[in-house]
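Quick look at input_33.txt (compact mmCIF, C-alpha atoms):
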# COMPACT_ATOMS: atom_id res chain seq x y z
CA MET A 138 154.86 151.06 0.69
CA THR A 139 154.93 153.16 3.86
CA ARG A 140 155.69 156.34 1.90
CA ASP A 141 152.50 155.87 -0.11
CA ALA A 142 150.23 155.09 2.83
CA PRO A 143 147.67 157.63 4.03
CA PRO A 144 148.47 159.63 7.15
CA ASP A 145 148.26 158.16 10.64
CA SER A 146 148.78 154.56 9.48
CA PRO A 147 148.84 152.09 12.40
CA ARG A 148 151.71 150.16 13.91
CA GLY A 149 151.89 146.37 14.17
CA PRO A 150 153.60 143.40 12.46
CA LEU A 151 152.00 144.32 9.11
CA ALA A 152 152.50 148.09 9.49
CA GLY A 153 153.22 149.75 6.16
CA LEU A 154 151.05 147.40 4.12
CA VAL A 155 148.08 148.95 2.36
CA VAL A 156 144.99 146.77 1.86
CA ALA A 157 142.28 147.73 -0.62
CA ASP A 158 139.19 145.94 0.66
CA LEU A 159 136.58 145.78 -2.08
CA SER A 160 134.73 142.92 -0.40
CA ARG A 161 131.31 142.82 1.22
CA VAL A 162 129.43 140.92 3.94
CA LEU A 163 131.62 138.42 5.86
CA ALA A 164 134.45 136.32 4.36
CA GLY A 165 136.42 139.22 2.85
CA PRO A 166 135.69 141.77 5.58
CA TYR A 167 136.66 139.24 8.26
CA CYS A 168 139.97 138.64 6.47
CA SER A 169 140.66 142.36 6.08
CA MET A 170 139.80 143.07 9.73
CA LEU A 171 142.41 140.54 10.87
CA LEU A 172 144.96 142.19 8.58
CA GLY A 173 144.02 145.55 10.10
CA ASP A 174 144.42 144.16 13.61
CA MET A 175 147.96 143.19 12.64
CA GLY A 176 148.77 146.74 11.58
CA ALA A 177 147.89 146.93 7.90
CA THR A 178 146.20 150.09 6.66
CA VAL A 179 142.82 148.79 5.46
CA ILE A 180 140.75 150.96 3.13
CA LYS A 181 137.19 149.65 2.88
CA VAL A 182 135.72 150.59 -0.48
CA GLU A 183 131.92 150.76 -0.36
CA GLY A 184 129.33 151.55 -2.96
CA PRO A 185 126.87 154.37 -2.37
CA GLY A 186 124.55 152.03 -0.45
CA GLY A 187 127.30 150.68 1.80
CA ASP A 188 128.05 147.13 2.87
CA ASP A 189 124.92 144.98 3.16
CA THR A 190 125.76 144.08 6.76
CA ARG A 191 125.16 147.68 7.81
CA THR A 192 121.45 146.88 7.41
CA TRP A 193 121.48 143.39 8.98
CA MET A 194 119.67 143.97 12.26
CA PRO A 195 118.69 143.31 14.98
CA PRO A 196 120.68 143.15 17.16
CA VAL A 197 121.98 146.71 17.20
CA LYS A 198 124.25 148.89 19.29
CA ASP A 199 123.11 152.51 19.28
CA GLY A 200 121.25 151.90 16.03
CA VAL A 201 124.21 150.23 14.28
CA SER A 202 124.12 146.58 13.24
CA THR A 203 126.26 144.46 15.56
CA TYR A 204 126.88 142.16 12.59
CA TYR A 205 128.62 145.03 10.80
CA LEU A 206 130.43 146.09 13.96
CA SER A 207 131.81 142.57 14.45
CA ILE A 208 133.92 142.76 11.27
CA GLY A 209 134.37 146.50 10.81
CA ARG A 210 137.18 147.69 13.07
CA ASN A 211 140.59 148.98 11.99
CA LYS A 212 139.33 150.17 8.60
CA ARG A 213 138.78 153.43 6.80
CA SER A 214 135.60 153.71 4.72
CA VAL A 215 135.59 155.45 1.35
CA VAL A 216 132.54 155.52 -0.92
CA LEU A 217 133.37 154.94 -4.58
CA ASP A 218 130.79 154.35 -7.30
CA PHE A 219 132.48 152.19 -9.95
CA ARG A 220 129.94 153.42 -12.52
CA ASP A 221 131.36 156.94 -12.12
CA ALA A 222 134.48 157.55 -14.22
CA ASP A 223 136.23 159.69 -11.60
CA ASP A 224 135.54 157.24 -8.78
CA ARG A 225 136.59 154.37 -11.02
CA ALA A 226 139.92 156.11 -11.67
CA LEU A 227 140.43 156.55 -7.92
CA ALA A 228 139.68 152.86 -7.34
CA GLY A 229 142.24 151.95 -9.99
CA GLU A 230 144.81 154.18 -8.34
CA LEU A 231 144.09 152.55 -4.99
CA LEU A 232 144.87 149.15 -6.51
CA ARG A 233 148.08 150.61 -7.97
CA LEU A 234 149.19 151.76 -4.53
CA ALA A 235 148.00 148.77 -2.54
CA ASP A 236 149.99 145.78 -1.40
CA VAL A 237 146.87 143.62 -1.06
CA ALA A 238 143.43 143.77 -2.66
CA ILE A 239 140.45 141.70 -1.51
CA GLU A 240 137.26 141.24 -3.51
CA ASN A 241 134.30 138.89 -3.55
CA PHE A 242 132.33 140.12 -6.54
CA LYS A 243 130.71 137.69 -8.94
CA PRO A 244 133.52 136.24 -11.09
CA GLY A 245 134.29 138.49 -14.02
CA SER A 246 132.12 141.41 -12.91
CA LEU A 247 135.04 143.71 -12.01
CA GLN A 248 136.58 143.33 -15.47
CA LYS A 249 134.22 145.88 -17.02
CA PHE A 250 135.48 148.47 -14.53
CA GLY A 251 139.17 147.68 -15.08
CA LEU A 252 139.46 146.52 -11.47
CA ASP A 253 140.07 142.81 -12.15
CA TYR A 254 143.35 141.11 -11.30
CA GLU A 255 144.78 141.10 -14.83
CA THR A 256 144.24 144.84 -15.29
CA ALA A 257 145.38 145.73 -11.78
CA ALA A 258 148.53 143.60 -12.08
CA LYS A 259 149.61 145.52 -15.19
CA ARG A 260 149.65 148.69 -13.09
CA ASN A 261 151.07 147.07 -9.96
CA SER A 262 153.11 143.91 -10.43
CA ARG A 263 153.61 143.60 -6.65
CA LEU A 264 149.90 143.40 -5.87
CA ILE A 265 148.57 140.41 -3.93
CA TYR A 266 144.98 140.13 -5.19
CA LEU A 267 142.63 137.87 -3.21
CA SER A 268 139.40 136.76 -4.87
CA ILE A 269 136.80 134.99 -2.75
CA THR A 270 134.00 133.24 -4.63
CA GLY A 271 131.27 130.79 -3.78
CA PHE A 272 132.13 127.96 -6.16
CA GLY A 273 135.29 128.99 -8.02
CA THR A 274 135.80 130.70 -11.36
CA GLY A 275 135.24 127.66 -13.59
CA GLU A 276 132.03 125.73 -14.08
CA GLY A 277 130.67 126.96 -10.75
CA ALA A 278 131.22 130.65 -11.45
CA TRP A 279 127.52 131.25 -12.19
CA LEU A 280 126.42 130.09 -8.74
CA PRO A 281 125.92 132.74 -6.03
CA GLY A 282 128.09 132.26 -2.94
CA TYR A 283 126.07 132.24 0.27
CA ASP A 284 127.23 130.47 3.39
CA LEU A 285 123.90 128.78 4.10
CA MET A 286 123.77 127.48 0.54
CA VAL A 287 127.25 126.01 0.96
CA GLN A 288 126.36 124.50 4.33
CA ALA A 289 123.57 122.67 2.50
CA VAL A 290 125.35 121.51 -0.65
CA SER A 291 128.67 120.65 1.03
CA GLY A 292 127.07 118.06 3.29
CA LEU A 293 127.56 119.92 6.58
CA MET A 294 123.83 120.16 7.23
CA SER A 295 123.48 116.41 6.68
CA LEU A 296 125.77 116.00 9.70
CA THR A 297 124.03 118.51 11.97
CA GLY A 298 121.01 117.59 14.06
CA ASP A 299 119.42 114.52 15.59
CA PRO A 300 119.59 111.30 13.56
CA ASP A 301 115.81 111.14 13.16
CA GLY A 302 115.21 114.88 12.93
CA PRO A 303 115.69 117.56 10.27
CA ALA A 304 119.07 118.83 9.14
CA PHE A 305 120.28 122.05 10.78
CA ARG A 306 122.60 124.85 9.81
CA ALA A 307 125.53 125.72 12.05
CA GLY A 308 124.93 128.59 14.46
CA ILE A 309 127.38 130.82 12.56
CA SER A 310 128.34 131.36 8.92
CA VAL A 311 131.04 128.79 9.39
CA PHE A 312 132.30 128.58 5.80
CA ASP A 313 132.42 132.36 5.34
CA VAL A 314 134.71 132.46 8.37
CA MET A 315 136.78 129.51 7.10
CA ALA A 316 137.14 131.09 3.67
CA GLY A 317 138.22 134.36 5.28
CA LEU A 318 140.87 132.52 7.27
CA HIS A 319 142.01 130.52 4.24
CA GLY A 320 142.21 133.76 2.30
CA LEU A 321 144.29 135.34 5.05
CA ILE A 322 146.70 132.39 4.99
CA GLY A 323 146.99 132.67 1.22
CA VAL A 324 147.68 136.40 1.39
CA LEU A 325 150.38 136.01 4.03
CA ALA A 326 152.02 133.20 2.04
CA ALA A 327 151.94 135.32 -1.12
CA LEU A 328 153.47 138.27 0.75
CA HIS A 329 156.29 136.00 1.90
CA GLN A 330 156.88 134.82 -1.66
CA ARG A 331 156.81 138.43 -2.89
CA HIS A 332 159.60 139.18 -0.44
CA GLU A 333 161.66 136.56 -2.28
CA THR A 334 160.59 137.29 -5.88
CA GLY A 335 159.37 140.88 -5.90
CA ARG A 336 156.18 139.76 -7.67
CA GLY A 337 152.58 139.72 -6.54
CA GLN A 338 150.03 137.13 -7.60
CA HIS A 339 146.37 136.18 -7.74
CA VAL A 340 145.15 134.22 -4.69
CA GLU A 341 141.81 132.44 -5.02
CA VAL A 342 139.58 130.96 -2.32
CA ASN A 343 136.04 129.64 -2.66
CA LEU A 344 133.47 128.67 -0.05
CA LEU A 345 132.88 125.13 -1.28
CA SER A 346 136.58 124.25 -1.30
CA SER A 347 136.93 125.75 2.17
CA ALA A 348 134.00 123.56 3.21
CA MET A 349 135.59 120.43 1.75
CA SER A 350 138.80 121.18 3.65
CA GLY A 351 137.04 122.29 6.83
CA LEU A 352 134.95 119.12 7.05
CA VAL A 353 138.30 117.25 7.47
CA ASN A 354 137.63 113.75 8.85
CA GLN A 355 134.06 113.73 7.55
CA THR A 356 135.08 114.37 3.93
CA ALA A 357 137.99 111.94 4.31
CA ALA A 358 135.54 109.27 5.46
CA TYR A 359 134.10 109.47 1.95
CA THR A 360 137.18 110.21 -0.17
CA ALA A 361 139.45 107.71 1.58
CA GLY A 362 137.00 105.18 3.00
CA GLY A 363 133.97 105.33 0.74
CA VAL A 364 131.77 105.99 3.78
CA VAL A 365 129.04 108.65 3.67
CA PRO A 366 128.80 110.06 7.22
CA MET A 367 125.36 110.96 8.51
CA ARG A 368 124.18 113.04 11.44
CA MET A 369 124.49 111.54 14.89
CA GLY A 370 123.23 114.38 17.05
CA ASN A 371 126.04 115.32 19.42
CA ALA A 372 127.73 111.93 19.13
CA HIS A 373 131.09 111.42 17.42
CA PRO A 374 131.43 108.71 14.77
CA SER A 375 134.88 107.59 15.95
CA LEU A 376 135.02 108.33 19.68
CA PHE A 377 133.01 107.54 22.81
CA PRO A 378 132.33 109.15 25.19
CA TYR A 379 132.64 112.35 23.18
CA GLU A 380 129.23 114.01 23.33
CA THR A 381 126.54 115.60 25.49
CA MET A 382 125.89 113.74 28.73
CA PRO A 383 123.36 114.46 31.52
CA THR A 384 124.22 115.48 35.07
CA ALA A 385 121.96 116.14 38.05
CA ASP A 386 121.19 119.71 36.98
CA ARG A 387 122.08 120.19 33.28
CA ASP A 388 123.78 118.61 30.30
CA MET A 389 127.48 118.97 29.66
CA ILE A 390 130.01 117.85 27.11
CA ILE A 391 132.42 115.06 28.10
CA THR A 392 135.31 114.18 25.81
CA ALA A 393 137.38 111.15 26.75
CA GLY A 394 139.47 110.85 23.61
CA ASN A 395 141.93 108.18 24.69
CA ASP A 396 142.31 105.27 27.12
CA ARG A 397 144.00 107.36 29.81
CA GLN A 398 141.23 109.95 29.81
CA PHE A 399 138.56 107.25 29.91
CA ARG A 400 140.20 105.59 32.91
CA ALA A 401 140.45 108.97 34.67
CA LEU A 402 136.76 109.61 33.95
CA CYS A 403 135.79 106.30 35.51
CA GLU A 404 137.96 106.91 38.57
CA VAL A 405 136.32 110.29 39.21
CA LEU A 406 132.89 108.69 38.82
CA GLY A 407 133.78 105.91 41.27
CA ILE A 408 133.69 103.05 38.75
CA PRO A 409 137.42 102.28 38.27
CA GLU A 410 136.70 98.70 37.20
CA VAL A 411 134.87 99.66 34.00
CA PRO A 412 137.98 100.25 31.82
CA ASP A 413 139.04 96.65 32.52
CA ASP A 414 135.83 95.27 31.01
CA PRO A 415 136.75 93.84 27.57
CA GLN A 416 133.70 95.60 26.09
CA PHE A 417 135.26 98.97 26.95
CA ALA A 418 139.00 98.31 26.91
CA SER A 419 139.88 100.36 23.81
CA ASN A 420 138.35 103.30 22.01
CA ALA A 421 137.17 101.02 19.21
CA ASP A 422 135.48 98.80 21.82
CA ARG A 423 133.85 101.77 23.52
CA THR A 424 132.62 103.20 20.23
CA ARG A 425 131.22 99.85 19.13
CA ASN A 426 129.50 99.33 22.49
CA ARG A 427 128.46 102.92 23.12
CA GLY A 428 124.89 101.97 24.10
CA PRO A 429 125.74 99.79 27.12
CA LEU A 430 128.59 102.07 28.16
CA ARG A 431 126.42 105.19 28.01
CA ALA A 432 123.95 103.57 30.42
CA VAL A 433 126.78 102.81 32.89
CA LEU A 434 128.15 106.36 32.70
CA VAL A 435 124.80 108.15 32.91
CA ALA A 436 123.91 106.30 36.10
CA GLU A 437 126.96 107.85 37.78
CA LEU A 438 126.95 111.24 36.06
CA GLU A 439 123.46 111.98 37.34
CA LYS A 440 124.82 111.92 40.87
CA TRP A 441 126.90 115.07 40.13
CA ASN A 442 125.98 118.65 39.39
CA ALA A 443 127.63 120.13 36.30
CA ASP A 444 129.76 122.78 38.04
CA ASP A 445 131.36 120.31 40.45
CA LEU A 446 131.93 117.76 37.72
CA PHE A 447 133.51 120.42 35.48
CA VAL A 448 136.19 121.05 38.10
CA ALA A 449 136.72 117.42 39.10
CA LEU A 450 137.05 116.03 35.58
CA ASN A 451 139.24 118.80 34.19
CA LYS A 452 141.58 118.49 37.17
CA ALA A 453 141.79 114.77 36.38
CA GLY A 454 142.69 115.56 32.77
CA VAL A 455 139.31 114.80 31.23
CA PRO A 456 138.15 117.66 28.97
CA CYS A 457 134.55 118.63 29.67
CA GLY A 458 132.34 121.65 29.94
CA PRO A 459 128.80 122.89 30.48
CA ILE A 460 126.75 124.01 27.50
CA ASN A 461 126.98 127.76 27.97
CA THR A 462 125.20 130.65 26.36
CA ILE A 463 127.35 133.09 24.35
CA GLY A 464 127.27 135.42 27.36
CA GLU A 465 128.46 132.68 29.68
CA GLY A 466 131.19 131.80 27.19
CA VAL A 467 132.49 135.40 27.19
CA GLU A 468 132.33 135.49 30.99
CA LEU A 469 134.27 132.22 31.20
CA ALA A 470 136.99 133.61 28.95
CA GLU A 471 137.17 136.69 31.15
CA SER A 472 137.39 134.57 34.31
CA LEU A 473 140.30 132.64 32.79
CA GLY A 474 142.23 135.83 32.10
CA LEU A 475 141.88 135.58 28.31
CA ALA A 476 140.60 139.16 28.01
CA PRO A 477 138.17 138.43 25.15
CA ARG A 478 136.94 142.02 24.85
CA VAL A 479 138.61 145.04 23.33
CA GLU A 480 137.22 148.55 23.75
CA LEU A 481 137.31 150.90 20.76
CA GLY A 482 136.23 154.46 20.20
CA THR A 483 134.97 157.06 22.63
CA GLY A 484 131.69 158.71 23.48
CA ASP A 485 128.81 157.59 21.28
CA ARG A 486 131.29 155.68 19.10
CA ALA A 487 132.52 153.49 21.98
CA VAL A 488 132.01 149.79 21.33
CA SER A 489 133.15 146.55 22.94
CA LEU A 490 134.23 143.93 20.41
CA VAL A 491 135.96 140.55 20.48
CA ARG A 492 139.74 140.68 20.65
CA ASN A 493 141.86 139.19 17.87
CA PRO A 494 142.81 135.69 19.12
CA ILE A 495 146.43 135.83 17.86
CA GLY A 496 149.20 136.68 20.31
CA PHE A 497 152.70 137.82 19.29
CA GLY A 498 155.81 137.64 21.45
CA ASP A 499 157.61 140.45 19.62
CA ALA A 500 154.82 142.49 18.06
CA GLU A 501 151.49 143.97 19.06
CA LEU A 502 148.01 144.00 17.67
CA THR A 503 146.32 147.32 17.07
CA TYR A 504 142.82 148.51 17.84
CA ASP A 505 143.04 152.10 16.69
CA LEU A 506 139.85 152.56 14.71
CA PRO A 507 136.26 151.70 15.63
CA PRO A 508 134.12 150.41 12.75
CA PRO A 509 133.72 153.38 10.41
CA GLU A 510 130.54 155.10 9.44
CA LEU A 511 129.74 154.86 5.75
CA GLY A 512 132.16 157.12 3.88
CA GLU A 513 133.67 158.43 7.11
CA HIS A 514 137.12 158.73 5.54
CA SER A 515 136.07 159.51 1.95
CA ASP A 516 137.52 163.02 1.90
CA GLU A 517 140.98 162.09 3.15
CA ILE A 518 141.23 158.89 1.09
CA LYS A 519 140.06 160.60 -2.11
CA ALA A 520 142.46 163.49 -1.53
CA TRP A 521 145.33 161.03 -1.08
CA LEU A 522 144.40 159.15 -4.27
CA ARG A 523 143.91 162.33 -6.31
CA ALA A 524 147.29 163.62 -5.17
CA SER A 525 148.88 160.35 -6.24
CA LEU A 526 147.17 160.54 -9.65
CA GLU A 527 148.30 164.14 -10.14
CA HIS A 528 151.85 163.28 -9.14
CA ARG A 529 151.91 160.35 -11.57
CA ASP A 530 150.47 162.45 -14.39
CA ALA A 531 153.00 165.21 -13.74
CA GLY A 532 155.81 162.67 -13.85

If you took the structure in this file and wrote it as structure tokens, what would it be?
Amino acid sequence: MTRDAPPDSPRGPLAGLVVADLSRVLAGPYCSMLLGDMGATVIKVEGPGGDDTRTWMPPVKDGVSTYYLSIGRNKRSVVLDFRDADDRALAGELLRLADVAIENFKPGSLQKFGLDYETAAKRNSRLIYLSITGFGTGEGAWLPGYDLMVQAVSGLMSLTGDPDGPAFRAGISVFDVMAGLHGLIGVLAALHQRHETGRGQHVEVNLLSSAMSGLVNQTAAYTAGGVVPMRMGNAHPSLFPYETMPTADRDMIITAGNDRQFRALCEVLGIPEVPDDPQFASNADRTRNRGPLRAVLVAELEKWNADDLFVALNKAGVPCGPINTIGEGVELAESLGLAPRVELGTGDRAVSLVRNPIGFGDAELTYDLPPPELGEHSDEIKAWLRASLEHRDAG
């Protein structure tokens, strides 16, 4: 649909695709940002008040919410009030021209505006229409979809925290991010199928199903084994050592996930005889006898400082790492040549954001647009849509 795209559309592996982003907050906007990074022309449709995340502060960068900035790049913002007949017609035309639409409204609420999948598909049979909900469109449709709520009801919080302490949420909106990624996968699969069939389709993702999938071995413990996992602090239910361990100056994570890594760990610590002890010979033995083994390991680990041990163990093939702050994590990525930052905009619009983690051998990601101000592109987007409507009416 390159001929129908607005001017100055970006390059990239998805160049030429037009995405109508009707979503708010995190899951949908995260998905659409990744599509924009890959070259799609993303048009962010906002109501008169704008996306809620514009007001989620602190922290801020020059008065703008960093939450909003984190998921706002590579998009054009147009303000459309669906209660207004003219704006509603423009929104419908956008869906007619788009390759992909993303929405996370309460199930059924877009139908009264004629912006639901069934109505949009009658105008545009090639449309890939992604709906992201909290609990699906069936019996759970009435429930609001908030990440923290899903962290609680999915069981994640029952796994997070000390065994004798309160349950904790994850440090990020983990299921919003998972749902956004699952939605992206569904959209790309549907685009591939459209290439074969010429037809679009409705793609549906919900937070609770993403949670069930994302909890992987923990949900399988129940579905396949009838076991209800419970929180173990930083310990792993099936591996040891695979948790936080003390050193002379600070805690670090040590993950010896197989017999070879465990033997290498013991050799670095100067206790090469320990892997030959029948109590610790296999992973199952080590997990079963984690108490005595932890005491043996801690006695040696506390002779090392974390930085020296980080180098020695990783060189020996034992994954480990200090418990960094976010800042230290970014600095580590920079020191490893991973270039985690990308700079967008100029002057008072300049902002440093986190680079898209995907690398392509025969394509490039794009970082052409800083996160837009509310309605920044309304005039050009509305003019494009009105021209399309007039052309269609004249035809």

*asked:* Quick one: residues within 6 Å of range 205-213 of chain A, only C-alpha atoms, excluding same-chain residues fewer than 2 positions away - as a count of residues only?
replied: 13

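The two atoms in question, CA of Thr334 in chain A and CA of Ala157 in chain A, are spaced 21.7 Å apart.
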
*asked:* Give me the residues near Arg263 in chain A as a list in words, where near means some atom within 8 Å (using all atoms listed in the file) and where sequence neighbours in that chain fewer than 2 positions away do not count.
replied: Asp236, Ala258, Asn261, Ile265, Arg331, Gly335, Arg336, Gly337 and Gln338 of chain A

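Here CA of Val156 in chain A stands at a distance of 11.9 Å from CA of Leu321 in chain A.
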
*Give me, please, the distance in Å between CA of Thr503 in chain A and CA of Gly186 in chain A, quoted to one decimal.*
28.3 Å

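Residues with any atom within 9 Å of Asn241 in chain A, counting all atoms listed in the file and excluding same-chain neighbours fewer than 3 positions away, are Leu159, Ser160, Arg161, Ala164, Gly165, Pro244, Leu267, Ser268, Ile269, Thr270 and Gly271 of chain A.
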
*Which residue gives the smallest distance to Pro429 in chain A among A:Met170, A:Ala228, A:Ala348, A:Val411, with all atoms listed in the file counted?*
A:Val411

*Shell around Asn426 in chain A at 12 Å using all atoms listed in the file, local window under 6 positions removed, as a PyMOL selection string*: chain A and resi 375-378+414-420+432-433

With 10 Å as the cut-off and only C-alpha atoms counted, what is the closest atom pair between each nearby residue of range 177-268 of chain A and range 151-155 of chain A? Distances in Å to one decimal, ordered by chain and number, as CSV.
residue,atom,partner,partner_atom,distance
A:Ala177,CA,A:Leu154,CA,4.9
A:Thr178,CA,A:Val155,CA,4.8
A:Val179,CA,A:Val155,CA,6.1
A:Ile180,CA,A:Val155,CA,7.6
A:Leu231,CA,A:Val155,CA,9.1
A:Leu232,CA,A:Val155,CA,9.4
A:Leu234,CA,A:Val155,CA,7.5
A:Ala235,CA,A:Val155,CA,4.9
A:Asp236,CA,A:Val155,CA,5.3
A:Val237,CA,A:Val155,CA,6.4
A:Ala238,CA,A:Val155,CA,8.6

*Need the neighbours of (145.2, 130.4, 5.2): which residues are at most 12 Å away, counting all atoms listed in the file, as a ChimeraX atom specification?*
/A:168,171,267,314-327,340-342,347,350-351

Per residue of range 360-399 of chain A within 8 Å of range 288-310 of chain A, which atom pair is closest and at what distance in Å (one decimal), using all atoms listed in the file, listed by chain and increasing number, as a tab-separated table?
residue	atom	partner	partner_atom	distance
A:Pro366	CA	A:Leu296	CA	7.1
A:Met367	CA	A:Leu296	CA	5.2
A:Arg368	CA	A:Leu296	CA	3.8
A:Met369	CA	A:Pro300	CA	5.1
A:Gly370	CA	A:Asp299	CA	4.1
A:Asn371	CA	A:Asp299	CA	7.7
